[in-house]
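Trainee: Take a look at this one; I'll ask things after.
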Amino acid sequence: MDYKKLKYTIEDAAKNAGITEYEVYYTEYRGMDVSVFASEIKSFNSDESRGICFRCRVNGKIGYASTEWMEEEELRSLPVRALENAALIENTDNDDFYGTGDHYQKAETEIAPLAATGQYIEKALSCQKACYDADSRVSEGTETSAGGYRTVICLFNSNGLDLSAAYGFDLVVTAPVVRDGNDVNAAYSFSIKSLDEIDTAALAKEAVKRSVQKIGAVQQESGKMPVIISNEQVCTMMGAFLSAFSADAAQKGLSLLAGKEGEQIASDCVTLIDDPFYAESPVKMPFDAEGVATFAKTVIDNGKLKTLLHNRKTAKKAGVKTTANASKHSYADTVSISPYCFYIKPGSLSFEELLAEAKDGVYITEFKGLHAGANAVTGDFSIDSEGFTIENGKIGHAVRSFTVAGNFFTLLQNIRTLDDRLLLDSPSGTTVLGAPDLLVDGLSIAGK
Amino acid sequence: MIAKPILEAVLAKAMSTGADFAEIYVERTKENNIVMIDSQIDRIKDSLLSGVGIRIFKGLRCVNASTADLSLEGMLACAGRVADALGESNEEVSIHLTERLFGDIHPIRIVPDTALKSQKADILKEAYFAAKEKSDRISQVSATLLDVDHQILVANSDGLYAQDRQIRTRLAVEAVASKNGENQTGSCSPGRRMGLELFEMIPPRSIGEKAAAQALTMLDADYCKAGTKTVAIENGFGGVIFHEACGHSLEASAVALNQSQFAGKLGQQIANPKVTAVDDGTIPNAWGSINIDDEGTPSKRNVLIENGILKSYLIDKLNGRRMGMESTGSSRRQGYTFAPTSRMTNTFIENGPDKNEDIIASIEDGLYAKEMGGGSVNPLTGAFNFAVREGYIIRNGKICEPVRGASLVGNGKDILMNIDMVGQNLGTGQGMCGASSGSIPTDVGQPLIRVSSITVGGR
């Protein structure tokens, strides 16, 4: 069924169900990826999916229903199911659905189609070969994948909103395994750009360098010491504590940032920005999951919390304007809150200068199992980590199997400084996290 | 869900460029998710997932494609995409499917989808308020009642045609306790391959109370000091340690590619002789149980480790080809958009020879991990990290004050040898296990065990 027919079917079914206020969120996804093991293609995937979510507001209560089965009868059942679900809801502090009148930044409705199958295969094979060529110790277990992902999001509602936007990117990830005697190490590196811009030789070189550097890792000493967290791992950590910035979590007592607007919650050097149109970001979104026009905002300004992230419901409750951060991770989800390109503004120091500033300590390049070892409600974390010693302002030797423990909210206060190496992580839904390397004081390291 | 002649035509199309095996997986999953927070029913997610995944093999090459378009043209186009990715040759293939019936050993009494929504709301409220009313210091509770009706059909070029309907119910409560601007959380989230009759066995009230009690205990706890300790790990979700530190490394997806520390170790002593461990998808109504796996192979009880000796891996068809071994009925996928691979079902350490009280009494200075949190592992090196949700100091053979923020850090190989006492209260805990083929329900389990020495992370 095409989109036009689908729209008509839903509108008609909503009318028959007696629903006057409703909104429809529709996504289409196309993805392709190939993975190479040894010098062979190990697997090839090609996915096409689409889904539709209907929501209605009846007596201030919101009901949802969604499906992937685009048959007329199934589509017609959506308003009926949503109505039934709305009847059970007890929360009535919902605003009416959004209307027309916003000015939207130009959406990218024409994104490049996926590259040909052969091009993804060729990229993966060439990157894999470059890994093996880079060092004779690169061995079995080395794997490279190349893929492309395209998403279209459409939204229309009974107030006349009718929006659509698309985003897409290509991604090559390589994870060389390096064997040196009994010492086996793996690290990875990735690149997100359009496929023809991805430099597989440089990517392979970087990944192999990272794996080789881990050879001969020893157990880290215990104690409190200055810690540099690599830009990639700062992103990983931000991901685990993201809900702390949600006004919904704050209003429900699930974020310790509740009521802290205007207060100093982080060190002076921290400025955190949410920008739906950040130039380097692979995802740009002109409207949020409630149809509100998105815009850039400073969340932490030189350590001061300026705002939490809002959707229309939390904004109404807080008596502020929405920050247009209504989101759905999957089309079927109920509306929640997430940022777009959410990044810590880089500083002016180089990485070498940051090392010199740390003098003696540890540089963390890998957090493992952060989802298990971090609690966004309490801020506590205790994470198995790997990295390098910092000795007299220079990278020393590789260290492994140590636990870094602390509290995210205390960590924000204890950031001594940061460097200029901004890294953007791979997107998760419409969220892209970004950060430079951070120098943090006061963290406990438990090693040998 | 889809007529045989259509499946036969789609499989033939997928095989048309020289594949030696083709498979189609059809999924229709209804999911209902009711969330209560702030003492109100806040939101309901009500969704239907529907689509097909088509896979072909040629030797060790695997091509996979999926589509939500269930029309004949949509499925043929999807089959065309897998065929095109493989090659250029053109072959006429004919396939004849024969239905295989498997008895359903997981009876369902109250199918959640047909129950009144108000009945579900009542269950949720009972659990919610049991947590909320436990203490003034319980500042927030969130409770979720999840029910899933997951229907699958698997057909392949060997003529297999098999179906399963997996109905699961789970109630998860998370409680937050607060004092002086500090939060601690507690949770309890039992689930089964059952309908709403689950709550006749486990009263919703008990779930809420347990979550709240844990949050309150942790609110008064001090941080655990880091160091190397003897640790007693309690039954139930404590089994996550075996799941992470050993189970993942026994999956053929790691073993076949020589990415596991246990590759090539069949018949060797890999654990203390007191350890016998099993993966069993045939336990009636258990959370991780399946009648057939997602390749249509019947599930079975696989003894992984017997008295410390490695006996078996968990094997799917593709990795079975790499290893020259038969499938163990262990191939699983979250849904049609994921390619299946070897995964766990219900995985646990069997009861052992030691009395539980003797285990605690044997520890002079150590940690009692009453409730474990989640964890992760690197199958290449076996390095793992688990959070201890609820821990207590053991002093002179007695369980003493609670401690927060502890984690267990170690290596799969070492810990298996270091499990030197195994108790007798085997129990299971429910989890959602994430890996390349998506998020799937699995049970972990064990009796109380003693680990003679392990790194405890803290501060």
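Starting from 1 in every chain, residues are counted up; chains themselves are A, B, ... following the order of the structure tokens, and ligands are numbered from 1 as listed.
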Quick one: everything within 12 Å of B:Ser330, counting only C-alpha atoms, minus sequence neighbours fewer than 6 positions away in the same chain. Send it as a ChimeraX atom specification.
Mentor: /B:250-253,279-282,288-302,312-320,340-347,442
Trainee: Hey, list the chain B side of the contact with chain A: 7 Å cut-off, only C-alpha atoms, answer as a CSV table (one decimal) with N, CA and C atoms, in the first residue's frame.
Mentor:
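Listed below is the output, part-v6.csv:
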chain,number,residue,atom,x,y,z
B,38,ASP,N,4.6,7.4,38.7
B,38,ASP,CA,3.9,8.5,39.4
B,38,ASP,C,2.5,8.1,39.9
B,40,GLN,N,0.3,6.4,38.4
B,40,GLN,CA,-0.7,6.4,37.4
B,40,GLN,C,-0.3,5.5,36.3
B,41,ILE,N,-1.3,5.0,35.6
B,41,ILE,CA,-1.0,4.3,34.3
B,41,ILE,C,-0.6,5.4,33.3
B,42,ASP,N,0.6,5.3,32.9
B,42,ASP,CA,1.2,6.5,32.1
B,42,ASP,C,1.1,6.2,30.6
B,43,ARG,N,1.4,5.0,30.2
B,43,ARG,CA,1.4,4.8,28.7
B,43,ARG,C,1.3,3.3,28.4
B,44,ILE,N,0.8,3.0,27.2
B,44,ILE,CA,0.6,1.7,26.8
B,44,ILE,C,1.2,1.6,25.4
B,45,LYS,N,2.1,0.6,25.2
B,45,LYS,CA,2.6,0.4,23.8
B,45,LYS,C,1.9,-0.9,23.4
B,46,ASP,N,1.4,-0.8,22.2
B,46,ASP,CA,0.5,-1.9,21.7
B,46,ASP,C,1.0,-2.1,20.2
B,47,SER,N,1.7,-3.1,19.9
B,47,SER,CA,2.3,-3.1,18.6
B,47,SER,C,2.2,-4.5,17.9
B,48,LEU,N,2.2,-4.5,16.6
B,48,LEU,CA,2.3,-5.8,15.9
B,48,LEU,C,3.5,-5.7,15.0
B,49,LEU,N,4.4,-6.7,15.1
B,49,LEU,CA,5.6,-6.8,14.2
B,49,LEU,C,5.3,-7.9,13.3
B,50,SER,N,5.6,-7.7,12.0
B,50,SER,CA,5.2,-8.7,11.0
B,50,SER,C,6.1,-8.6,9.8
B,61,ARG,N,29.2,-19.4,3.0
B,61,ARG,CA,28.7,-18.0,2.8
B,61,ARG,C,27.2,-17.9,3.2
B,62,CYS,N,26.8,-16.8,3.7
B,62,CYS,CA,25.5,-16.7,4.2
B,62,CYS,C,24.9,-15.3,3.7
B,63,VAL,N,23.8,-15.3,3.1
B,63,VAL,CA,23.2,-14.1,2.7
B,63,VAL,C,21.8,-14.0,3.3
B,64,ASN,N,21.5,-12.9,3.9
B,64,ASN,CA,20.2,-12.7,4.6
B,64,ASN,C,19.5,-11.5,4.2
B,65,ALA,N,18.2,-11.5,4.1
B,65,ALA,CA,17.4,-10.3,3.7
B,65,ALA,C,16.1,-10.4,4.4
B,66,SER,N,15.5,-9.2,4.7
B,66,SER,CA,14.2,-9.2,5.3
B,66,SER,C,13.3,-8.2,4.7
B,67,THR,N,12.0,-8.4,4.9
B,67,THR,CA,11.1,-7.4,4.4
B,67,THR,C,9.8,-7.5,5.3
B,68,ALA,N,9.1,-6.3,5.4
B,68,ALA,CA,7.9,-6.3,6.1
B,68,ALA,C,6.7,-6.5,5.1
B,140,GLN,N,10.0,7.1,44.1
B,140,GLN,CA,9.4,6.8,42.8
B,140,GLN,C,9.4,5.3,42.6
B,182,GLU,N,20.1,11.9,47.5
B,182,GLU,CA,20.8,10.7,47.0
B,182,GLU,C,19.8,9.7,46.6
B,183,ASN,N,20.0,9.0,45.5
B,183,ASN,CA,19.0,7.9,45.1
B,183,ASN,C,19.7,6.5,45.1
B,184,GLN,N,18.9,5.5,45.4
B,184,GLN,CA,19.3,4.1,45.2
B,184,GLN,C,18.2,3.4,44.6
B,226,ALA,N,37.2,-1.7,47.1
B,226,ALA,CA,37.7,-2.6,46.1
B,226,ALA,C,38.8,-3.5,46.6
B,257,LEU,N,34.7,-19.5,14.9
B,257,LEU,CA,35.6,-18.6,14.3
B,257,LEU,C,36.9,-18.5,15.2
B,258,ASN,N,37.1,-19.4,16.1
B,258,ASN,CA,38.2,-19.5,17.0
B,258,ASN,C,38.3,-18.2,17.8
B,259,GLN,N,37.2,-17.6,18.1
B,259,GLN,CA,37.2,-16.4,18.9
B,259,GLN,C,36.8,-16.7,20.3
B,337,THR,N,14.1,-9.3,11.3
B,337,THR,CA,15.1,-8.4,10.7
B,337,THR,C,16.5,-8.8,11.2
B,373,GLY,N,23.4,-7.7,39.1
B,373,GLY,CA,22.9,-6.9,38.0
B,373,GLY,C,23.3,-7.5,36.7
B,374,GLY,N,23.2,-6.7,35.6
B,374,GLY,CA,23.7,-7.2,34.3
B,374,GLY,C,25.2,-7.2,34.2
B,375,GLY,N,25.7,-7.7,33.0
B,375,GLY,CA,27.1,-7.7,32.8
B,375,GLY,C,27.4,-7.9,31.3
B,376,SER,N,28.7,-7.9,31.0
B,376,SER,CA,29.1,-8.2,29.6
B,376,SER,C,30.4,-8.9,29.6
B,385,ASN,N,32.6,-8.3,33.4
B,385,ASN,CA,32.3,-7.3,34.4
B,385,ASN,C,30.8,-7.4,34.8
B,386,PHE,N,30.5,-7.7,36.1
B,386,PHE,CA,29.1,-7.7,36.5
B,386,PHE,C,28.9,-6.7,37.6
B,387,ALA,N,27.7,-6.1,37.6
B,387,ALA,CA,27.3,-5.3,38.7
B,387,ALA,C,26.7,-6.1,39.8
B,405,GLY,N,27.5,-0.4,45.1
B,405,GLY,CA,28.5,0.0,44.1
B,405,GLY,C,29.6,-1.1,43.8
B,407,SER,N,31.3,-4.4,42.0
B,407,SER,CA,31.2,-5.2,40.8
B,407,SER,C,32.1,-6.3,40.8
B,409,VAL,N,34.8,-8.5,38.7
B,409,VAL,CA,35.6,-8.3,37.5
B,409,VAL,C,36.5,-9.5,37.4
B,457,GLY,N,35.3,-4.8,42.3
B,457,GLY,CA,35.4,-3.4,42.0
B,457,GLY,C,34.6,-2.6,43.0
B,458,GLY,N,35.1,-1.5,43.4
B,458,GLY,CA,34.3,-0.6,44.3
B,458,GLY,C,35.1,0.7,44.3
B,459,ARG,N,35.1,1.4,45.5
B,459,ARG,CA,35.8,2.6,45.5
B,459,ARG,C,36.4,2.8,46.9
Trainee: I'd like the contact shell of B:Ser439 - 10 Å cut-off, only C-alpha atoms, skipping same-chain residues fewer than 2 positions apart - returned as a ChimeraX atom specification.
Mentor: /B:332-335,338,431-437,441-442
Trainee: Please, could you write that set of residues out with C-alpha atoms as a PDB file, in the first residue's frame?
Mentor:
ATOM      1  CA  ARG B 332      17.773 -17.930  17.888  1.00  0.00           C
ATOM      2  CA  ARG B 333      16.860 -14.477  16.600  1.00  0.00           C
ATOM      3  CA  GLN B 334      14.897 -11.569  18.042  1.00  0.00           C
ATOM      4  CA  GLY B 335      12.754 -11.314  14.941  1.00  0.00           C
ATOM      5  CA  PHE B 338      17.898 -10.296  12.520  1.00  0.00           C
ATOM      6  CA  GLY B 431      17.015 -11.682  31.488  1.00  0.00           C
ATOM      7  CA  MET B 432      16.992 -10.269  27.990  1.00  0.00           C
ATOM      8  CA  CYS B 433      20.238 -11.306  26.349  1.00  0.00           C
ATOM      9  CA  GLY B 434      21.590  -9.024  23.638  1.00  0.00           C
ATOM     10  CA  ALA B 435      23.909 -10.163  20.824  1.00  0.00           C
ATOM     11  CA  SER B 436      24.199 -10.015  17.047  1.00  0.00           C
ATOM     12  CA  SER B 437      20.858 -11.761  16.496  1.00  0.00           C
ATOM     13  CA  PRO B 441      14.575 -13.994  26.537  1.00  0.00           C
ATOM     14  CA  THR B 442      16.938 -16.239  28.497  1.00  0.00           C
TER      15      THR B 442
END
Trainee: What's the 10 Å shell around stretch 418-434 of chain A, counting only C-alpha atoms, without same-chain residues fewer than 6 positions away, as a PyMOL selection string?
Mentor: chain A and resi 151+167+169+171+190-192+228-239+242+269-270+272-276+278+280-285+288+327-330+338-355+357+440
Trainee: Would you list the contacts of B:Trp287 as number ranges by chain, taking every protein, DNA or RNA residue within 6 Å and counting only C-alpha atoms, but skipping same-chain residues closer than 6 positions in sequence?
Mentor: B: 191-193, 443
Trainee: Export C-alpha atoms of the chosen residues as a PDB file, in the first residue's frame?
Mentor:
ATOM      1  CA  GLY B 191       8.810 -13.577  33.761  1.00  0.00           C
ATOM      2  CA  ARG B 192       7.749 -16.915  32.293  1.00  0.00           C
ATOM      3  CA  ARG B 193       6.649 -18.496  29.031  1.00  0.00           C
ATOM      4  CA  ASP B 443      16.956 -17.712  31.973  1.00  0.00           C
TER       5      ASP B 443
END
Trainee: Provide the atom CA of B:His150 to atom CA of B:Glu31 distance in Å, to one decimal place.
Mentor: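 The value is 8.2 Å.
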Trainee: Residues of stretch 211-296 of chain B in helix (DSSP H, G or I) according to DSSP, as a PyMOL selection string?
Mentor: chain B and resi 211-219+237-250+252-255
Trainee: Please produce a file of the residues just selected, as a PDB file, in the first residue's frame, where the atoms kept are C-alpha atoms.
Mentor:
ATOM      1  CA  ALA B 211      12.081  -4.148  44.607  1.00  0.00           C
ATOM      2  CA  ALA B 212      11.357  -1.607  47.342  1.00  0.00           C
ATOM      3  CA  ALA B 213      13.187  -3.577  50.038  1.00  0.00           C
ATOM      4  CA  GLN B 214      16.300  -3.736  47.871  1.00  0.00           C
ATOM      5  CA  ALA B 215      16.301   0.033  47.189  1.00  0.00           C
ATOM      6  CA  LEU B 216      15.876   0.771  50.915  1.00  0.00           C
ATOM      7  CA  THR B 217      18.687  -1.596  51.875  1.00  0.00           C
ATOM      8  CA  MET B 218      21.061   0.004  49.392  1.00  0.00           C
ATOM      9  CA  LEU B 219      20.138   3.523  50.552  1.00  0.00           C
ATOM     10  CA  PHE B 237      20.062 -14.047  38.754  1.00  0.00           C
ATOM     11  CA  GLY B 238      23.482 -14.844  40.263  1.00  0.00           C
ATOM     12  CA  GLY B 239      23.663 -17.284  37.351  1.00  0.00           C
ATOM     13  CA  VAL B 240      24.375 -14.309  35.098  1.00  0.00           C
ATOM     14  CA  ILE B 241      28.004 -14.912  36.002  1.00  0.00           C
ATOM     15  CA  PHE B 242      27.973 -18.271  34.219  1.00  0.00           C
ATOM     16  CA  HIS B 243      25.878 -16.898  31.355  1.00  0.00           C
ATOM     17  CA  GLU B 244      28.373 -14.124  30.693  1.00  0.00           C
ATOM     18  CA  ALA B 245      31.676 -15.664  31.668  1.00  0.00           C
ATOM     19  CA  CYS B 246      31.127 -19.052  30.110  1.00  0.00           C
ATOM     20  CA  GLY B 247      27.851 -19.373  28.188  1.00  0.00           C
ATOM     21  CA  HIS B 248      28.724 -16.763  25.541  1.00  0.00           C
ATOM     22  CA  SER B 249      32.115 -18.372  25.000  1.00  0.00           C
ATOM     23  CA  LEU B 250      30.395 -21.722  24.306  1.00  0.00           C
ATOM     24  CA  ALA B 252      29.299 -21.580  18.146  1.00  0.00           C
ATOM     25  CA  SER B 253      29.299 -18.024  16.777  1.00  0.00           C
ATOM     26  CA  ALA B 254      32.469 -17.481  18.845  1.00  0.00           C
ATOM     27  CA  VAL B 255      33.838 -21.053  18.834  1.00  0.00           C
TER      28      VAL B 255
END
Trainee: Leaving out stretch 161-163 of chain A and any residue of its chain fewer than 2 positions from it, which residues lie within 10 Å of it when counting only C-alpha atoms, given as a PDB file with N, CA and C atoms, in the first residue's frame?
Mentor:
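Dumped to selection-v6.pdb:
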ATOM      1  N   GLU A  23      -2.682  11.592  15.556  1.00  0.00           N
ATOM      2  CA  GLU A  23      -1.407  11.857  14.883  1.00  0.00           C
ATOM      3  C   GLU A  23      -0.840  10.527  14.410  1.00  0.00           C
ATOM      4  N   VAL A  24      -0.184  10.553  13.264  1.00  0.00           N
ATOM      5  CA  VAL A  24       0.375   9.321  12.718  1.00  0.00           C
ATOM      6  C   VAL A  24       1.864   9.512  12.457  1.00  0.00           C
ATOM      7  N   TYR A  25       2.638   8.547  12.919  1.00  0.00           N
ATOM      8  CA  TYR A  25       4.098   8.588  12.765  1.00  0.00           C
ATOM      9  C   TYR A  25       4.470   7.364  11.955  1.00  0.00           C
ATOM     10  N   PHE A  97      -2.506  18.083  20.411  1.00  0.00           N
ATOM     11  CA  PHE A  97      -1.494  17.813  19.396  1.00  0.00           C
ATOM     12  C   PHE A  97      -1.108  19.112  18.694  1.00  0.00           C
ATOM     13  N   TYR A  98       0.097  19.110  18.150  1.00  0.00           N
ATOM     14  CA  TYR A  98       0.672  20.332  17.583  1.00  0.00           C
ATOM     15  C   TYR A  98       0.000  20.702  16.269  1.00  0.00           C
ATOM     16  N   GLY A  99       0.067  21.982  15.948  1.00  0.00           N
ATOM     17  CA  GLY A  99      -0.549  22.436  14.702  1.00  0.00           C
ATOM     18  C   GLY A  99       0.454  23.049  13.748  1.00  0.00           C
ATOM     19  N   THR A 100      -0.066  23.604  12.684  1.00  0.00           N
ATOM     20  CA  THR A 100       0.808  24.208  11.680  1.00  0.00           C
ATOM     21  C   THR A 100       1.257  25.588  12.156  1.00  0.00           C
ATOM     22  N   GLY A 101       2.226  26.158  11.475  1.00  0.00           N
ATOM     23  CA  GLY A 101       2.654  27.512  11.787  1.00  0.00           C
ATOM     24  C   GLY A 101       4.138  27.633  12.065  1.00  0.00           C
ATOM     25  N   ASP A 102       4.786  26.533  12.436  1.00  0.00           N
ATOM     26  CA  ASP A 102       6.233  26.584  12.647  1.00  0.00           C
ATOM     27  C   ASP A 102       6.954  26.772  11.316  1.00  0.00           C
ATOM     28  N   TYR A 104      10.036  25.407   9.431  1.00  0.00           N
ATOM     29  CA  TYR A 104      10.951  24.273   9.519  1.00  0.00           C
ATOM     30  C   TYR A 104      12.175  24.500   8.657  1.00  0.00           C
ATOM     31  N   ALA A 107      14.317  20.291   5.123  1.00  0.00           N
ATOM     32  CA  ALA A 107      14.652  18.893   5.391  1.00  0.00           C
ATOM     33  C   ALA A 107      15.326  18.292   4.176  1.00  0.00           C
ATOM     34  N   ILE A 153      11.207   9.461   7.816  1.00  0.00           N
ATOM     35  CA  ILE A 153      10.221   9.641   8.880  1.00  0.00           C
ATOM     36  C   ILE A 153       9.135  10.589   8.383  1.00  0.00           C
ATOM     37  N   CYS A 154       7.878  10.159   8.517  1.00  0.00           N
ATOM     38  CA  CYS A 154       6.757  11.011   8.121  1.00  0.00           C
ATOM     39  C   CYS A 154       5.822  11.192   9.307  1.00  0.00           C
ATOM     40  N   LEU A 155       5.220  12.350   9.390  1.00  0.00           N
ATOM     41  CA  LEU A 155       4.283  12.621  10.482  1.00  0.00           C
ATOM     42  C   LEU A 155       3.125  13.440   9.938  1.00  0.00           C
ATOM     43  N   PHE A 156       1.910  13.029  10.231  1.00  0.00           N
ATOM     44  CA  PHE A 156       0.773  13.895   9.908  1.00  0.00           C
ATOM     45  C   PHE A 156      -0.238  13.813  11.039  1.00  0.00           C
ATOM     46  N   ASN A 157      -1.034  14.884  11.186  1.00  0.00           N
ATOM     47  CA  ASN A 157      -2.039  14.832  12.251  1.00  0.00           C
ATOM     48  C   ASN A 157      -3.318  15.563  11.881  1.00  0.00           C
ATOM     49  N   SER A 158      -4.277  15.448  12.770  1.00  0.00           N
ATOM     50  CA  SER A 158      -5.612  15.997  12.505  1.00  0.00           C
ATOM     51  C   SER A 158      -5.629  17.520  12.575  1.00  0.00           C
ATOM     52  N   ASN A 159      -4.517  18.141  12.993  1.00  0.00           N
ATOM     53  CA  ASN A 159      -4.435  19.610  12.992  1.00  0.00           C
ATOM     54  C   ASN A 159      -3.800  20.143  11.711  1.00  0.00           C
ATOM     55  N   ALA A 165      10.954  13.792   6.556  1.00  0.00           N
ATOM     56  CA  ALA A 165      12.399  14.038   6.510  1.00  0.00           C
ATOM     57  C   ALA A 165      13.098  12.701   6.339  1.00  0.00           C
ATOM     58  N   PRO A 286      14.579  18.170  11.082  1.00  0.00           N
ATOM     59  CA  PRO A 286      13.925  19.486  11.160  1.00  0.00           C
ATOM     60  C   PRO A 286      12.705  19.507  12.090  1.00  0.00           C
ATOM     61  N   PHE A 287      12.168  18.330  12.449  1.00  0.00           N
ATOM     62  CA  PHE A 287      10.998  18.332  13.355  1.00  0.00           C
ATOM     63  C   PHE A 287      11.147  17.183  14.346  1.00  0.00           C
ATOM     64  N   GLU A 290       6.763  15.141  17.844  1.00  0.00           N
ATOM     65  CA  GLU A 290       5.444  15.757  17.989  1.00  0.00           C
ATOM     66  C   GLU A 290       5.214  16.797  16.904  1.00  0.00           C
ATOM     67  N   GLY A 291       6.155  16.875  15.949  1.00  0.00           N
ATOM     68  CA  GLY A 291       5.993  17.795  14.825  1.00  0.00           C
ATOM     69  C   GLY A 291       6.479  19.213  15.092  1.00  0.00           C
ATOM     70  N   VAL A 292       7.141  19.457  16.207  1.00  0.00           N
ATOM     71  CA  VAL A 292       7.631  20.802  16.517  1.00  0.00           C
ATOM     72  C   VAL A 292       8.953  21.047  15.774  1.00  0.00           C
TER      73      VAL A 292
END
Trainee: For a test of reading the model, state the distance in Å between atom CA of B:Ala121 and atom CA of A:Lys313, rounded to one decimal.
Mentor: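 Atom-to-atom, atom CA of B:Ala121 and atom CA of A:Lys313 are spaced 23.2 Å apart.
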Trainee: Which one is closest to B:Leu72: B:Ile34, B:Val26, B:Val10, B:Ile123? Count only C-alpha atoms.
Mentor: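 The closest residue to B:Leu72 is B:Val10.
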Trainee: Measuring between only C-alpha atoms, which one of A:Glu122, A:Glu386, A:Asp95, A:Lys304 shows the shortest distance to A:Thr322?
Mentor: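 Checking each candidate against A:Thr322, we get A:Asp95 as the closest.
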Trainee: When DSSP is applied to the backbone of this structure, which of stretch 13-132 of chain B are assigned strand (DSSP E)? Write them out as a PyMOL selection string.
Mentor: chain B and resi 21-37+40-58+61-67+98-99
Trainee: Atom CA of A:Gly60 to atom CA of A:Ile19: how many Å, to one decimal?
Mentor: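 Result for atom CA of A:Gly60 versus atom CA of A:Ile19: 12.7 Å, one decimal.
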